[in-house]
$ cat model-v5.cif   # mmCIF, C-alpha atoms
data_work
#
loop_
_atom_site.label_atom_id
_atom_site.label_comp_id
_atom_site.auth_asym_id
_atom_site.auth_seq_id
_atom_site.Cartn_x
_atom_site.Cartn_y
_atom_site.Cartn_z
CA MET P 81 3.83 4.19 -8.93
CA GLU P 82 7.35 5.53 -8.32
CA LYS P 83 7.80 5.84 -12.12
CA ILE P 84 4.73 8.05 -12.33
CA LEU P 85 6.03 10.11 -9.43
CA ALA P 86 9.37 10.57 -11.16
CA ILE P 87 7.63 11.82 -14.31
CA ILE P 88 5.70 14.39 -12.28
CA LEU P 89 8.90 15.56 -10.61
CA THR P 90 10.50 15.99 -14.02
CA PHE P 91 7.64 18.11 -15.34
CA LEU P 92 7.55 20.30 -12.26
CA GLY P 93 11.30 20.91 -12.47
CA PHE P 94 14.27 19.84 -10.40
CA GLU P 95 16.22 23.07 -10.58
CA GLY P 96 17.38 24.39 -7.25
CA MET P 97 16.62 21.26 -5.25
CA ALA P 98 19.45 21.83 -2.83
CA GLN P 99 18.82 25.55 -2.47
CA ASP P 100 17.30 27.29 0.53
CA PHE P 101 13.74 27.71 -0.76
CA ASP P 102 11.27 30.31 0.38
CA LEU P 103 9.79 28.80 3.53
CA LYS P 104 6.19 29.65 2.74
CA ARG P 105 6.53 27.86 -0.60
CA ARG P 106 8.25 24.92 1.11
CA TYR P 107 5.50 24.51 3.68
CA SER P 108 2.70 24.76 1.13
CA PHE P 109 4.26 21.96 -0.95
CA ALA P 110 2.28 19.21 0.83
CA LYS P 111 -0.77 19.03 3.07
CA SER P 112 -1.77 15.80 4.82
CA TYR P 113 -5.27 14.49 5.41
CA PHE P 114 -7.24 11.53 6.69
CA GLY P 115 -10.87 10.58 6.25
CA VAL P 116 -13.35 8.13 4.78
CA ASP P 117 -13.84 6.86 1.24
CA PHE P 118 -16.81 5.06 -0.34
CA ASN P 119 -16.78 3.02 -3.56
CA TYR P 120 -20.18 2.10 -5.02
CA PHE P 121 -20.03 -0.78 -7.52
CA HIS P 122 -23.02 -1.03 -9.85
CA ASN P 123 -24.22 -3.03 -12.90
CA LEU P 124 -22.23 -6.10 -11.92
CA GLN P 125 -22.00 -8.77 -14.59
CA LYS P 126 -23.24 -12.28 -13.90
CA THR P 127 -21.00 -14.98 -12.46
CA ALA P 128 -21.58 -18.76 -12.28
CA PHE P 129 -21.99 -21.61 -9.79
CA LEU P 130 -22.59 -25.39 -9.74
CA ASN P 131 -26.25 -26.24 -9.10
CA GLY P 132 -27.59 -29.37 -7.41
CA GLN P 133 -27.19 -31.36 -10.65
CA ASN P 134 -23.51 -30.36 -10.81
CA GLN P 135 -24.23 -28.16 -13.82
CA ILE P 136 -22.90 -24.65 -14.40
CA GLN P 137 -25.63 -22.08 -13.82
CA ALA P 138 -25.60 -18.27 -14.12
CA LEU P 139 -25.70 -16.23 -10.90
CA ASP P 140 -26.85 -12.61 -10.61
CA ARG P 141 -24.85 -10.38 -8.28
CA ASN P 142 -26.22 -7.36 -6.46
CA ASN P 143 -24.49 -3.98 -6.21
CA PHE P 144 -22.36 -3.26 -3.18
CA ILE P 145 -20.52 -0.49 -1.33
CA THR P 146 -16.97 -0.67 0.03
CA PRO P 147 -16.09 1.84 2.78
CA ALA P 148 -12.42 2.62 3.38
CA ILE P 149 -10.20 4.68 5.66
CA ASN P 150 -8.10 7.28 3.83
CA PHE P 151 -4.55 8.47 4.49
CA GLY P 152 -2.89 10.85 2.08
CA ALA P 153 -1.51 14.25 1.21
CA THR P 154 -1.86 16.78 -1.56
CA HIS P 155 1.55 17.58 -3.08
CA PHE P 156 3.17 19.96 -5.56
CA TRP P 157 1.15 22.92 -4.28
CA GLY P 158 -2.22 21.31 -4.98
CA HIS P 159 -1.44 19.69 -8.34
CA ALA P 160 -1.27 16.08 -7.09
CA ASP P 161 -2.83 13.92 -4.40
CA PHE P 162 -1.12 10.68 -3.29
CA PHE P 163 -3.08 8.38 -1.00
CA VAL P 164 -3.72 4.96 0.47
CA SER P 165 -7.24 3.73 1.27
CA VAL P 166 -7.53 0.76 3.62
CA ALA P 167 -10.76 -0.95 2.57
CA THR P 168 -13.16 -2.54 5.05
CA SER P 169 -15.72 -5.28 4.37
CA SER P 170 -18.06 -4.76 1.42
CA ILE P 171 -21.75 -4.12 2.08
CA LYS P 172 -24.24 -5.81 -0.28
CA ILE P 173 -27.33 -3.85 -1.30
CA LYS P 174 -29.35 -7.13 -1.42
CA THR P 175 -28.65 -10.75 -0.52
CA ASP P 176 -27.54 -13.02 -3.38
CA ASP P 177 -28.75 -16.61 -3.90
CA ILE P 178 -25.18 -17.91 -3.42
CA ASP P 179 -22.85 -16.29 -0.88
CA ASN P 180 -20.29 -14.19 -2.78
CA SER P 181 -18.43 -10.94 -2.33
CA ILE P 182 -15.78 -8.73 -3.89
CA ARG P 183 -13.22 -7.39 -1.45
CA PHE P 184 -10.67 -4.64 -1.92
CA ARG P 185 -7.46 -4.60 0.08
CA ALA P 186 -5.16 -1.57 0.35
CA ILE P 187 -5.91 0.84 -2.51
CA THR P 188 -2.96 2.99 -3.60
CA GLY P 189 -3.32 5.85 -6.02
CA MET P 190 -3.00 9.41 -7.18
CA ARG P 191 -5.15 12.25 -8.45
CA ILE P 192 -3.71 14.81 -10.83
CA PHE P 193 -5.15 18.35 -10.90
CA PRO P 194 -4.37 20.31 -14.10
CA LEU P 195 -5.64 23.37 -12.19
CA ALA P 196 -4.19 23.38 -8.68
CA LEU P 197 -6.52 22.87 -5.75
CA LYS P 198 -7.73 26.18 -4.39
CA GLU P 199 -9.79 26.81 -1.28
CA ASN P 200 -13.55 27.08 -1.81
CA THR P 201 -13.19 26.26 -5.52
CA ILE P 202 -14.20 23.16 -7.50
CA ARG P 203 -11.34 21.57 -9.42
CA PRO P 204 -11.40 18.67 -11.96
CA TYR P 205 -8.96 15.77 -11.69
CA LEU P 206 -7.80 12.57 -13.40
CA SER P 207 -7.07 9.55 -11.22
CA TYR P 208 -5.13 6.32 -11.26
CA LYS P 209 -5.27 3.59 -8.59
CA PHE P 210 -4.03 0.07 -8.27
CA ALA P 211 -5.52 -2.39 -5.83
CA PRO P 212 -5.64 -6.11 -5.14
CA ILE P 213 -9.26 -7.21 -5.59
CA ARG P 214 -10.42 -10.55 -4.23
CA LEU P 215 -13.43 -12.48 -5.52
CA ASN P 216 -15.02 -14.69 -2.85
CA GLN P 217 -17.66 -17.31 -3.60
CA SER P 218 -19.12 -20.35 -1.83
CA ASN P 219 -20.61 -23.47 -3.40
CA LEU P 220 -23.75 -25.34 -2.27
CA LEU P 221 -21.62 -27.36 0.18
CA GLY P 222 -20.42 -24.18 1.86
CA GLU P 223 -16.86 -24.56 0.53
CA ASN P 224 -15.12 -21.29 -0.33
CA TYR P 225 -13.20 -20.19 -3.40
CA ARG P 226 -11.11 -17.01 -3.67
CA ARG P 227 -9.26 -15.32 -6.50
CA THR P 228 -7.08 -12.20 -6.18
CA GLN P 229 -5.78 -9.96 -8.94
CA VAL P 230 -4.09 -6.57 -8.82
CA LYS P 231 -6.09 -4.25 -11.06
CA SER P 232 -5.54 -0.76 -12.42
CA ILE P 233 -8.46 1.64 -11.93
CA LEU P 234 -8.82 4.76 -14.10
CA GLY P 235 -11.12 7.68 -13.39
CA ALA P 236 -12.01 11.37 -13.43
CA GLY P 237 -13.94 13.64 -11.12
CA ILE P 238 -14.15 16.90 -9.20
CA ALA P 239 -12.73 17.96 -5.83
CA TYR P 240 -13.49 20.74 -3.35
CA GLN P 241 -11.23 22.02 -0.61
CA THR P 242 -11.64 24.32 2.38
CA PRO P 243 -9.01 25.08 5.05
CA LYS P 244 -10.10 21.93 6.94
CA VAL P 245 -12.07 19.74 4.50
CA TYR P 246 -10.98 17.99 1.31
CA ALA P 247 -13.75 16.18 -0.61
CA TYR P 248 -13.99 14.54 -4.03
CA LEU P 249 -16.51 12.76 -6.25
CA GLY P 250 -15.54 10.73 -9.30
CA TYR P 251 -16.39 7.94 -11.69
CA GLU P 252 -13.89 5.10 -12.25
CA PHE P 253 -13.64 1.92 -14.28
CA ILE P 254 -11.52 -1.23 -14.38
CA PRO P 255 -10.19 -2.15 -17.85
CA ASP P 256 -9.97 -5.84 -18.71
CA ASN P 257 -12.25 -6.99 -15.91
CA GLU P 258 -12.96 -10.57 -17.01
CA THR P 259 -11.38 -13.54 -15.22
CA ASN P 260 -11.72 -17.30 -14.77
CA ILE P 261 -12.84 -18.87 -11.49
CA HIS P 262 -12.98 -22.39 -10.09
CA LEU P 263 -16.40 -23.81 -9.19
CA SER P 264 -14.77 -26.99 -7.83
CA ARG P 265 -11.23 -28.33 -7.72
CA THR P 266 -11.52 -29.29 -11.40
CA GLN P 267 -14.34 -27.21 -12.99
CA THR P 268 -13.93 -23.60 -14.10
CA ALA P 269 -16.13 -20.81 -15.47
CA THR P 270 -15.88 -17.20 -16.66
CA SER P 271 -16.58 -14.42 -14.18
CA SER P 272 -15.62 -10.76 -13.85
CA PHE P 273 -14.46 -8.05 -11.53
CA PRO P 274 -16.59 -4.88 -11.26
CA LYS P 275 -16.57 -2.54 -14.23
CA GLY P 276 -17.90 0.83 -13.05
CA ILE P 277 -17.32 2.57 -9.70
CA ILE P 278 -18.69 5.76 -8.16
CA ASN P 279 -16.12 7.10 -5.70
CA LEU P 280 -16.84 9.60 -2.89
CA GLY P 281 -14.39 10.80 -0.24
CA ILE P 282 -14.60 13.23 2.67
CA ASN P 283 -11.38 14.06 4.50
CA TYR P 284 -10.02 16.28 7.26
CA SER P 285 -6.89 18.23 6.40
CA ILE P 286 -4.02 18.46 8.90
CA GLU P 287 -1.32 21.12 9.09
CA PHE P 288 1.99 19.71 10.39
CA THR P 289 4.26 22.61 9.50
CA ASN P 290 3.37 25.18 12.16
CA GLY P 291 6.57 26.11 13.99
CA SER P 292 8.66 23.96 11.70
CA TYR P 293 11.29 26.64 11.22
CA SER P 294 11.29 28.53 14.50
CA PRO P 295 14.63 29.94 15.78
CA THR P 296 15.07 26.81 17.91
CA VAL P 297 14.56 24.56 14.90
CA GLN P 298 16.99 26.66 12.85
CA ARG P 299 19.70 26.21 15.50
CA LEU P 300 19.07 22.46 15.60
CA ASP P 301 19.12 22.26 11.80
CA SER P 302 22.44 24.11 11.70
CA LEU P 303 23.95 21.62 14.15
CA LEU P 304 22.71 18.61 12.16
CA ARG P 305 24.16 19.99 8.93
CA ARG P 306 27.64 20.16 10.51
CA LYS P 307 27.72 16.82 12.38
CA ASN P 308 26.41 13.28 12.05
CA THR P 309 24.74 13.47 15.43
CA LEU P 310 21.38 12.94 17.21
CA GLY P 311 20.36 10.43 14.52
CA LEU P 312 18.78 7.62 16.55
CA PHE P 313 15.23 6.90 15.32
CA PHE P 314 12.38 4.47 15.89
CA GLY P 315 9.49 3.87 13.53
CA ILE P 316 6.30 1.89 13.22
CA GLY P 317 3.60 1.74 10.59
CA PRO P 318 1.21 -0.54 8.67
CA SER P 319 2.41 -2.41 5.60
CA SER P 320 0.96 -4.44 2.78
CA ALA P 321 2.63 -6.81 0.29
CA PHE P 322 1.79 -7.44 -3.36
CA PRO P 323 2.84 -10.78 -4.93
CA THR P 324 4.67 -10.08 -8.18
CA GLN P 325 5.38 -13.61 -9.47
CA ASN P 326 3.36 -16.80 -9.97
CA SER P 327 4.16 -19.84 -7.84
CA SER P 328 4.58 -22.97 -9.96
CA TYR P 329 3.87 -25.09 -6.89
CA ILE P 330 0.36 -23.64 -6.80
CA THR P 331 -0.39 -23.14 -10.50
CA ASP P 332 0.78 -26.66 -11.38
CA LEU P 333 -0.36 -28.73 -8.38
CA TYR P 334 -3.21 -26.73 -6.81
CA PRO P 335 -4.60 -24.41 -9.52
CA PHE P 336 -7.85 -23.92 -7.54
CA LEU P 337 -5.93 -22.02 -4.84
CA ASP P 338 -5.58 -18.23 -4.97
CA ASP P 339 -2.01 -17.89 -6.23
CA ARG P 340 -1.82 -14.08 -5.89
CA THR P 341 -3.46 -13.78 -2.48
CA MET P 342 -1.91 -11.00 -0.43
CA PRO P 343 -0.53 -11.36 3.09
CA ASN P 344 -2.63 -9.72 5.78
CA VAL P 345 -1.82 -6.08 6.62
CA PHE P 346 1.14 -6.27 9.00
CA PRO P 347 3.23 -3.87 11.10
CA GLU P 348 6.75 -2.79 10.23
CA ILE P 349 8.83 -1.99 13.31
CA THR P 350 12.17 -0.31 12.72
CA ALA P 351 15.11 1.27 14.55
CA GLY P 352 18.12 2.95 13.05
CA TYR P 353 20.52 5.85 12.86
CA HIS P 354 20.41 8.81 10.48
CA PHE P 355 23.77 10.38 9.69
CA SER P 356 22.34 13.85 9.17
CA LYS P 357 25.40 15.60 7.72
CA ASP P 358 25.86 12.94 5.03
CA GLU P 359 22.12 12.21 4.61
CA PHE P 360 22.68 8.48 5.03
CA ALA P 361 20.85 5.97 7.25
CA VAL P 362 21.22 2.41 8.52
CA SER P 363 18.33 0.53 10.12
CA ALA P 364 17.03 -2.80 11.35
CA ASN P 365 13.41 -3.86 10.96
CA PHE P 366 10.97 -6.63 11.78
CA ARG P 367 7.87 -7.55 9.74
CA PRO P 368 5.59 -10.51 10.57
CA MET P 369 3.60 -11.64 7.50
CA ARG P 370 0.81 -14.19 7.19
CA GLN P 371 -0.34 -15.39 3.77
CA GLU P 372 -3.41 -17.68 3.79
CA ARG P 373 -4.96 -19.64 0.93
CA ASP P 374 -7.97 -21.94 1.11
CA ALA P 375 -10.47 -23.46 -1.32
CA PHE P 376 -12.67 -26.57 -1.44
CA ALA P 377 -11.49 -27.95 1.95
CA PHE P 378 -7.78 -27.40 1.15
CA SER P 379 -5.80 -24.71 3.02
CA GLN P 380 -2.26 -23.40 2.90
CA SER P 381 -0.62 -21.04 5.39
CA VAL P 382 2.73 -19.31 4.86
CA ARG P 383 3.96 -17.64 8.03
CA ARG P 384 6.97 -15.42 7.55
CA ASN P 385 8.95 -13.55 10.21
CA SER P 386 11.36 -11.24 8.41
CA PHE P 387 14.31 -9.45 10.05
CA GLY P 388 16.05 -6.88 7.86
CA LEU P 389 19.30 -4.88 7.94
CA GLU P 390 19.32 -1.97 5.48
CA ALA P 391 21.36 1.04 4.41
CA TYR P 392 20.00 3.85 2.25
CA LYS P 393 20.98 7.25 0.96
CA PHE P 394 18.69 10.30 0.86
CA LEU P 395 18.98 11.70 -2.66
CA PHE P 396 17.73 15.30 -2.50
CA ASP P 397 15.27 17.59 -0.75
CA TYR P 398 12.49 18.84 -3.00
CA HIS P 399 10.48 21.27 -0.85
CA GLY P 400 10.33 18.76 2.00
CA PHE P 401 9.87 15.70 -0.23
CA VAL P 402 13.05 13.68 0.41
CA PRO P 403 13.40 10.37 -1.50
CA PHE P 404 15.91 7.67 -0.59
CA LEU P 405 17.33 4.53 -2.22
CA GLY P 406 19.21 1.61 -0.72
CA ALA P 407 19.68 -2.12 -0.23
CA GLY P 408 19.57 -4.64 2.56
CA LEU P 409 19.77 -8.23 3.69
CA GLN P 410 16.69 -10.08 4.93
CA PHE P 411 16.83 -13.01 7.36
CA GLU P 412 13.71 -15.13 6.94
CA ASP P 413 12.05 -17.61 9.31
CA ILE P 414 9.22 -19.21 7.28
CA SER P 415 6.78 -22.02 8.01
CA LEU P 416 4.54 -23.76 5.48
CA ILE P 417 1.43 -25.59 6.75
CA GLU P 418 -1.12 -27.35 4.52
CA MET P 419 -4.39 -29.08 5.41
CA ASP P 420 -6.50 -31.29 3.11
CA ASN P 421 -10.02 -32.11 4.38
CA GLY P 422 -8.90 -31.51 7.95
CA VAL P 423 -5.71 -33.60 7.69
CA LYS P 424 -2.31 -31.88 8.01
CA ILE P 425 -0.23 -32.95 5.00
CA THR P 426 2.62 -30.39 5.21
CA ASN P 427 4.46 -28.84 8.17
CA ASP P 428 7.77 -27.48 6.87
CA ARG P 429 10.18 -24.86 8.22
CA PHE P 430 12.65 -22.75 6.22
CA ALA P 431 15.47 -20.43 7.35
CA LEU P 432 17.30 -18.37 4.75
CA ALA P 433 18.87 -15.02 3.92
CA THR P 434 18.14 -12.97 0.82
CA PRO P 435 19.07 -9.49 -0.52
CA SER P 436 16.50 -6.73 -0.87
CA LEU P 437 16.08 -3.32 -2.45
CA ILE P 438 14.41 -0.38 -0.73
CA PHE P 439 13.05 2.89 -2.06
CA GLY P 440 10.94 5.54 -0.35
CA TRP P 441 10.63 9.10 0.82
CA ASP P 442 10.34 11.28 3.91
CA ILE P 443 8.10 14.32 4.32
CA ARG P 444 10.30 16.84 6.16
CA PRO P 445 8.85 20.26 6.94
CA SER P 446 12.01 21.27 8.86
CA LYS P 447 14.73 19.94 6.59
CA ARG P 448 17.00 17.96 8.99
CA ALA P 449 15.57 19.10 12.34
CA ASP P 450 12.20 17.31 12.49
CA ILE P 451 11.79 15.53 15.82
CA TRP P 452 9.22 13.27 14.10
CA LEU P 453 8.18 12.75 10.51
CA LEU P 454 6.17 10.53 8.16
CA ARG P 455 8.03 8.02 6.01
CA THR P 456 6.90 5.81 3.12
CA ASN P 457 8.96 2.93 1.79
CA LEU P 458 8.74 0.13 -0.75
CA ARG P 459 10.82 -3.02 -0.42
CA TYR P 460 11.44 -5.87 -2.86
CA SER P 461 13.30 -9.17 -2.43
CA PRO P 462 13.91 -10.34 -6.03
CA PHE P 463 15.20 -13.84 -5.17
CA LEU P 464 12.98 -14.90 -2.28
CA GLU P 465 11.25 -18.20 -2.96
CA LEU P 466 10.75 -21.64 -1.40
CA GLU P 467 11.25 -25.00 -3.09
CA LYS P 468 8.71 -27.76 -2.55
CA ASN P 469 8.21 -30.94 -4.63
CA SER P 470 10.61 -29.57 -7.26
CA LYS P 471 8.34 -26.54 -7.63
CA LYS P 472 8.66 -22.90 -6.53
CA ILE P 473 6.59 -20.93 -4.01
CA SER P 474 7.28 -17.28 -4.79
CA LEU P 475 7.65 -14.77 -1.94
CA GLN P 476 8.86 -12.06 -4.30
CA HIS P 477 6.50 -9.49 -2.87
CA LEU P 478 6.53 -5.73 -3.30
CA GLU P 479 6.14 -4.55 0.29
CA PHE P 480 4.52 -1.15 0.69
CA ASN P 481 4.92 0.50 4.10
CA PHE P 482 2.57 3.36 3.28
CA ILE P 483 2.66 5.47 6.48
CA GLN P 484 5.40 5.04 9.07
CA LEU P 485 5.68 7.34 12.06
CA VAL P 486 9.38 7.98 12.72
CA ILE P 487 10.50 9.54 16.02
CA TYR P 488 13.97 10.91 16.86
CA PRO P 489 14.32 10.81 20.69
CA GLN P 490 17.76 12.48 20.74
CA LYS P 491 16.46 15.38 18.67
CA ILE P 492 13.52 15.77 21.05
CA LYS P 493 15.91 16.07 24.00
CA LYS P 494 18.19 18.52 22.20
CA TYR P 495 15.23 20.61 21.02
CA LYS P 496 14.12 21.06 24.64
CA GLU P 497 17.66 22.11 25.63
CA LEU P 498 17.83 24.73 22.86
CA ARG P 499 14.48 26.37 23.67
#

$ encode --input "model-v5.cif" --output "structure tokens"
Amino acid sequence: MEKILAIILTFLGFEGMAQDFDLKRRYSFAKSYFGVDFNYFHNLQKTAFLNGQNQIQALDRNNFITPAINFGATHFWGHADFFVSVATSSIKIKTDDIDNSIRFRAITGMRIFPLALKENTIRPYLSYKFAPIRLNQSNLLGENYRRTQVKSILGAGIAYQTPKVYAYLGYEFIPDNETNIHLSRTQTATSSFPKGIINLGINYSIEFTNGSYSPTVQRLDSLLRRKNTLGLFFGIGPSSAFPTQNSSYITDLYPFLDDRTMPNVFPEITAGYHFSKDEFAVSANFRPMRQERDAFAFSQSVRRNSFGLEAYKFLFDYHGFVPFLGAGLQFEDISLIEMDNGVKITNDRFALATPSLIFGWDIRPSKRADIWLLRTNLRYSPFLELEKNSKKISLQHLEFNFIQLVIYPQKIKKYKELR
């Protein structure tokens, strides 16, 4: 996604990034929103199951709706919309003969508007999303099977915006939607992810920039440009993690398990110091992750407590969009627990350190003087894996901390003194 963002930045022009832009233009660069999103999946293709004679039989699947909670912002003066939708449980239109479902996790994406969004005007858009999608299915014995894949979703639609409401309606599809599933530990069949999606969203727009460059803020900004001071910050926000590599331990020994299952949504808690004059930051963070796999009475749990030390440099300020790039060292406390038909067969503990890369961006209405702001970051540990039975369990996950609230307590105190 960051590659796509870089392309957009290139087309919109980098010239004058470090200049003192017109404030009205700076503040209209981005506008945040939150709301609800509905995906209606229709014309689902058949899947398969094992009948009472242990034969493969076709299974019809009914349409379903997936509600989600939206967080996002329109950027580049209404030409782009970047968002995260946290999906809830899917709702079936009718009950199927065999219990099955298709579950979205965190959906990340963008909408591009060739004609910029304008109040009380309909605008067309093109969209791209990527999302982990999990197929869930039970057999006649009540044993579950799950399969997760990260899929690209392409679409087009129309949007309408008022001063407070941002709504859209579009049609989307998933290319290459076929997949293989396990009907038992040894038997497989062909199935598919959904093909066509009708997407509807209704959101409430929020204005964060009021008062962002008052005389008090200007005095505080001037101070922070001259000195590396008042930089203590604390942050918290929800994160998700996308597996990027196969685990030979699973694909070779337990192929019926969901190799690419995602960890549960987890919090990222961080504290650090921002050297405002040099636009450089150091921070420490904690992220507890739980990755669960189970199928046909076999379960595996990977519990990871990750402590990170990181340093990163803010690269430029593009109308309040401030990207950063850095590196860190992760200290990992990991446990691996496996159960087979109710019997614990593995209870291992691992402690290790591994390097990581971090990339992200701040949204800063007030340049350096924001007493709080919203931060997004992506983290990757390219060498993180466990060894078990001469095989590898990959923990090379792309972590996506999509909305982190960052508060600067020293700036809050100084702001009150300057008023």

$ closest_atom_pairs --input "model-v5.cif" --of "segment 357-412 of chain P" --to "segment 297-321 of chain P" --cutoff "9 Å" --atoms "all atoms listed in the file" --output "tab-separated table"
residue	atom	partner	partner_atom	distance
P:Lys357	CA	P:Arg305	CA	4.7
P:Asp358	CA	P:Asn308	CA	7.0
P:Glu359	CA	P:Asn308	CA	8.7
P:Ala361	CA	P:Gly311	CA	8.5
P:Ser363	CA	P:Phe313	CA	8.8
P:Arg367	CA	P:Ser319	CA	8.6
P:Met369	CA	P:Ala321	CA	8.7

$ write_last_selection --input "model-v5.cif" --atoms "C-alpha atoms" --output "mmCIF file, keeping the file's coordinate frame"
data_model
loop_
_atom_site.group_PDB
_atom_site.id
_atom_site.type_symbol
_atom_site.label_atom_id
_atom_site.label_comp_id
_atom_site.auth_asym_id
_atom_site.auth_seq_id
_atom_site.Cartn_x
_atom_site.Cartn_y
_atom_site.Cartn_z
ATOM 1 C CA LYS P 357 25.400 15.600 7.720
ATOM 2 C CA ASP P 358 25.860 12.940 5.030
ATOM 3 C CA GLU P 359 22.120 12.210 4.610
ATOM 4 C CA ALA P 361 20.850 5.970 7.250
ATOM 5 C CA SER P 363 18.330 0.530 10.120
ATOM 6 C CA ARG P 367 7.870 -7.550 9.740
ATOM 7 C CA MET P 369 3.600 -11.640 7.500
#

$ closest_residue --input "model-v5.cif" --among "P:Ser461, P:Val116, P:Arg383, P:Asn123" --to "Phe346 of chain P" --atoms "all atoms listed in the file"
P:Arg383

$ resolve_selection --input "model-v5.cif" --expression "the PyMOL selection byres ((chain P and resi 478) around 9)" --output "JSON, numbers by chain"
{"P": [320, 321, 322, 323, 324, 458, 459, 460, 461, 476, 477, 479, 480]}

$ atom_distance --input "model-v5.cif" --atom1 "atom CA of Leu220 of chain P" --atom2 "atom CA of Ser264 of chain P"
10.7 Å

$ residues_around --input "model-v5.cif" --residues "Asn224 of chain P" --least-positions-apart "6" --cutoff "12 Å" --atoms "all atoms listed in the file" --output "list in words"
Phe129, Ile178, Asp179, Asn180, Ser181, Leu215, Asn216, Gln217, Ser218, Ile261, His262, Leu263, Ser264, Arg265, Phe336, Leu337, Asp338, Arg373, Asp374, Ala375, Phe376, Ala377, Phe378 and Ser379 of chain P

$ write_last_selection --input "model-v5.cif" --atoms "C-alpha atoms" --output "short mmCIF file (atom, residue, chain, number, x, y, z; two decimals), keeping the file's coordinate frame"
data_model
loop_
_atom_site.label_atom_id
_atom_site.label_comp_id
_atom_site.auth_asym_id
_atom_site.auth_seq_id
_atom_site.Cartn_x
_atom_site.Cartn_y
_atom_site.Cartn_z
CA PHE P 129 -21.99 -21.61 -9.79
CA ILE P 178 -25.18 -17.91 -3.42
CA ASP P 179 -22.85 -16.29 -0.88
CA ASN P 180 -20.29 -14.19 -2.78
CA SER P 181 -18.43 -10.94 -2.33
CA LEU P 215 -13.43 -12.48 -5.52
CA ASN P 216 -15.02 -14.69 -2.85
CA GLN P 217 -17.66 -17.31 -3.60
CA SER P 218 -19.12 -20.35 -1.83
CA ILE P 261 -12.84 -18.87 -11.49
CA HIS P 262 -12.98 -22.39 -10.09
CA LEU P 263 -16.40 -23.81 -9.19
CA SER P 264 -14.77 -26.99 -7.83
CA ARG P 265 -11.23 -28.33 -7.72
CA PHE P 336 -7.85 -23.92 -7.54
CA LEU P 337 -5.93 -22.02 -4.84
CA ASP P 338 -5.58 -18.23 -4.97
CA ARG P 373 -4.96 -19.64 0.93
CA ASP P 374 -7.97 -21.94 1.11
CA ALA P 375 -10.47 -23.46 -1.32
CA PHE P 376 -12.67 -26.57 -1.44
CA ALA P 377 -11.49 -27.95 1.95
CA PHE P 378 -7.78 -27.40 1.15
CA SER P 379 -5.80 -24.71 3.02
#

$ resolve_selection --input "model-v5.cif" --expression "the PyMOL selection byres ((chain P and resi 138-148) around 9)" --output "number ranges by chain"
P: 115-130, 136-137, 149-150, 165-178, 180-184, 186-187

$ closest_residue --input "model-v5.cif" --among "P:Asp428, P:Asp256, P:Glu199, P:Glu223" --to "Pro243 of chain P" --atoms "all atoms listed in the file"
P:Glu199

$ atom_distance --input "model-v5.cif" --atom1 "atom CA of Gln490 of chain P" --atom2 "atom CA of Thr350 of chain P"
16.1 Å

$ closest_residue --input "model-v5.cif" --among "P:Ser386, P:Asn427, P:Thr341, P:Asn257" --to "Gln325 of chain P" --atoms "only C-alpha atoms"
P:Thr341

$ resolve_selection --input "model-v5.cif" --expression "the PyMOL selection byres ((chain P and resi 498) around 9)" --output "PyMOL selection string"
chain P and resi 296-297+299-300+493-497+499

$ atom_distance --input "model-v5.cif" --atom1 "atom CA of Pro194 of chain P" --atom2 "atom CA of Trp441 of chain P"
23.9 Å

$ closest_residue --input "model-v5.cif" --among "P:Leu333, P:Met342, P:Leu206, P:Leu437" --to "Thr266 of chain P" --atoms "all atoms listed in the file"
P:Leu333

$ residues_around --input "model-v5.cif" --residues "Phe253 of chain P" --least-positions-apart "6" --cutoff "9 Å" --atoms "all atoms listed in the file" --output "VMD selection string"
chain P and resid 232 to 235 274 to 278

$ write_last_selection --input "model-v5.cif" --atoms "C-alpha atoms" --output "CSV table (one decimal), keeping the file's coordinate frame"
chain,number,residue,atom,x,y,z
P,232,SER,CA,-5.5,-0.8,-12.4
P,233,ILE,CA,-8.5,1.6,-11.9
P,234,LEU,CA,-8.8,4.8,-14.1
P,235,GLY,CA,-11.1,7.7,-13.4
P,274,PRO,CA,-16.6,-4.9,-11.3
P,275,LYS,CA,-16.6,-2.5,-14.2
P,276,GLY,CA,-17.9,0.8,-13.0
P,277,ILE,CA,-17.3,2.6,-9.7
P,278,ILE,CA,-18.7,5.8,-8.2

$ closest_residue --input "model-v5.cif" --among "P:Leu485, P:Ile492, P:Ile443, P:Ile414" --to "Leu466 of chain P" --atoms "all atoms listed in the file"
P:Ile414

$ residues_around --input "model-v5.cif" --residues "Lys468 of chain P" --least-positions-apart "3" --cutoff "10 Å" --atoms "only C-alpha atoms" --output "list in words"
Ser328, Tyr329, Leu416, Asp428, Glu465, Lys471, Lys472 and Ile473 of chain P

$ write_last_selection --input "model-v5.cif" --atoms "C-alpha atoms" --output "tab-separated table (two decimals), in the coordinates of the input"
chain	number	residue	atom	x	y	z
P	328	SER	CA	4.58	-22.97	-9.96
P	329	TYR	CA	3.87	-25.09	-6.89
P	416	LEU	CA	4.54	-23.76	5.48
P	428	ASP	CA	7.77	-27.48	6.87
P	465	GLU	CA	11.25	-18.20	-2.96
P	471	LYS	CA	8.34	-26.54	-7.63
P	472	LYS	CA	8.66	-22.90	-6.53
P	473	ILE	CA	6.59	-20.93	-4.01
